[in-house]
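Structure record follows, encoded as structure tokens.
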Amino acid sequence: MKKLTFTLFLALFAWVVQAQDKKDQEIIADSEAAKADFLKDDPDMAKLFNDAYGYIILPNVGKGGLGVGAASGNGVAFEKGKMIGYAKMTQVTVGLQAGGQAYSEVVFFEDADSFGRFKANKVEMSAQVSAVAAASGASKDAKYVDGVAVFTRTKGGLMYEASVGGQQFKFKKL
């Protein structure tokens, strides 16, 4: 009986690891595609990708709301151009809002201090850090606020919004 239980445990563990690995590979592939889409919309963004101390790409963020809203997405974290882990973003908003939307988001960190706050799960963005819609030339005039610059790219949906809230990020090291 112990052998059967142990064998079943090993099989279940292997299945869970394989499923997680597949999900991680999909997030990585989606992040690479999202980066290509951001660069297609704004080729000048290559300078931000090259010069930023670190960045995260959230390729598939889902957002919806009716009075109270929420958004979440998973992505990949890069430090000095090298993938170092995964990022998860959650957001809650309150205010005049209705609809649903899907978008990609890239968050650039100017220096080691701002990226260190992200890795320590201490980055929370509110209305003071507003996202810039990715479009040709949008990154030329981008300014870091508290060491962070954010760009979004709408993928679909329609959302009317005049709300207040914030995004919170979690980091998971490779």
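Each chain in the structure tokens gets a letter, A, B, ..., in the order shown, and its residues are numbered from 1; ligands are numbered from 1 in order too.
Of all the residues in region 36-146 of chain A, the ones DSSP labels as alpha helix (DSSP H) from the backbone are A:Ala36, A:Asp37, A:Phe38, A:Leu39, A:Lys40, A:Asp41, A:Met45, A:Ala46, A:Lys47, A:Leu48, A:Phe49, A:Asn50, A:Asp51, A:Ala112, A:Asp113, A:Ser114, A:Phe115, A:Gly116, A:Arg117, A:Phe118, A:Lys119.
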* Asked: Near Gln101 (chain A), within 9 Å and counting only C-alpha atoms, which residues show up once chain neighbours fewer than 4 positions away are dropped, as a PyMOL selection string?
  -> chain A and resi 61-64+154-159
Could you please take those selected residues and save C-alpha atoms as an mmCIF file, in the first residue's frame?
```cif
data_model
loop_
_atom_site.group_PDB
_atom_site.id
_atom_site.type_symbol
_atom_site.label_atom_id
_atom_site.label_comp_id
_atom_site.auth_asym_id
_atom_site.auth_seq_id
_atom_site.Cartn_x
_atom_site.Cartn_y
_atom_site.Cartn_z
ATOM 1 C CA VAL A 61 -4.093 41.404 -18.678
ATOM 2 C CA GLY A 62 -7.835 41.048 -18.228
ATOM 3 C CA LYS A 63 -9.824 43.923 -16.776
ATOM 4 C CA GLY A 64 -13.501 44.358 -16.022
ATOM 5 C CA THR A 154 -5.096 47.379 -25.960
ATOM 6 C CA LYS A 155 -5.880 43.951 -27.366
ATOM 7 C CA GLY A 156 -9.672 44.078 -27.307
ATOM 8 C CA GLY A 157 -12.826 44.990 -25.472
ATOM 9 C CA LEU A 158 -14.382 48.252 -24.447
ATOM 10 C CA MET A 159 -14.180 49.891 -21.040
#
```
* Mind checking which residues fall within 7 Å of region 83-97 of chain A, counting only C-alpha atoms, ignoring those fewer than 5 positions away in the same chain, and posting them as a ChimeraX atom specification? => /A:56,65-78,160-174
* To do: In Å, rounded to a single decimal, give me how far CA of Asp41 (chain A) is from CA of Ala142 (chain A).
  => 14.9 Å
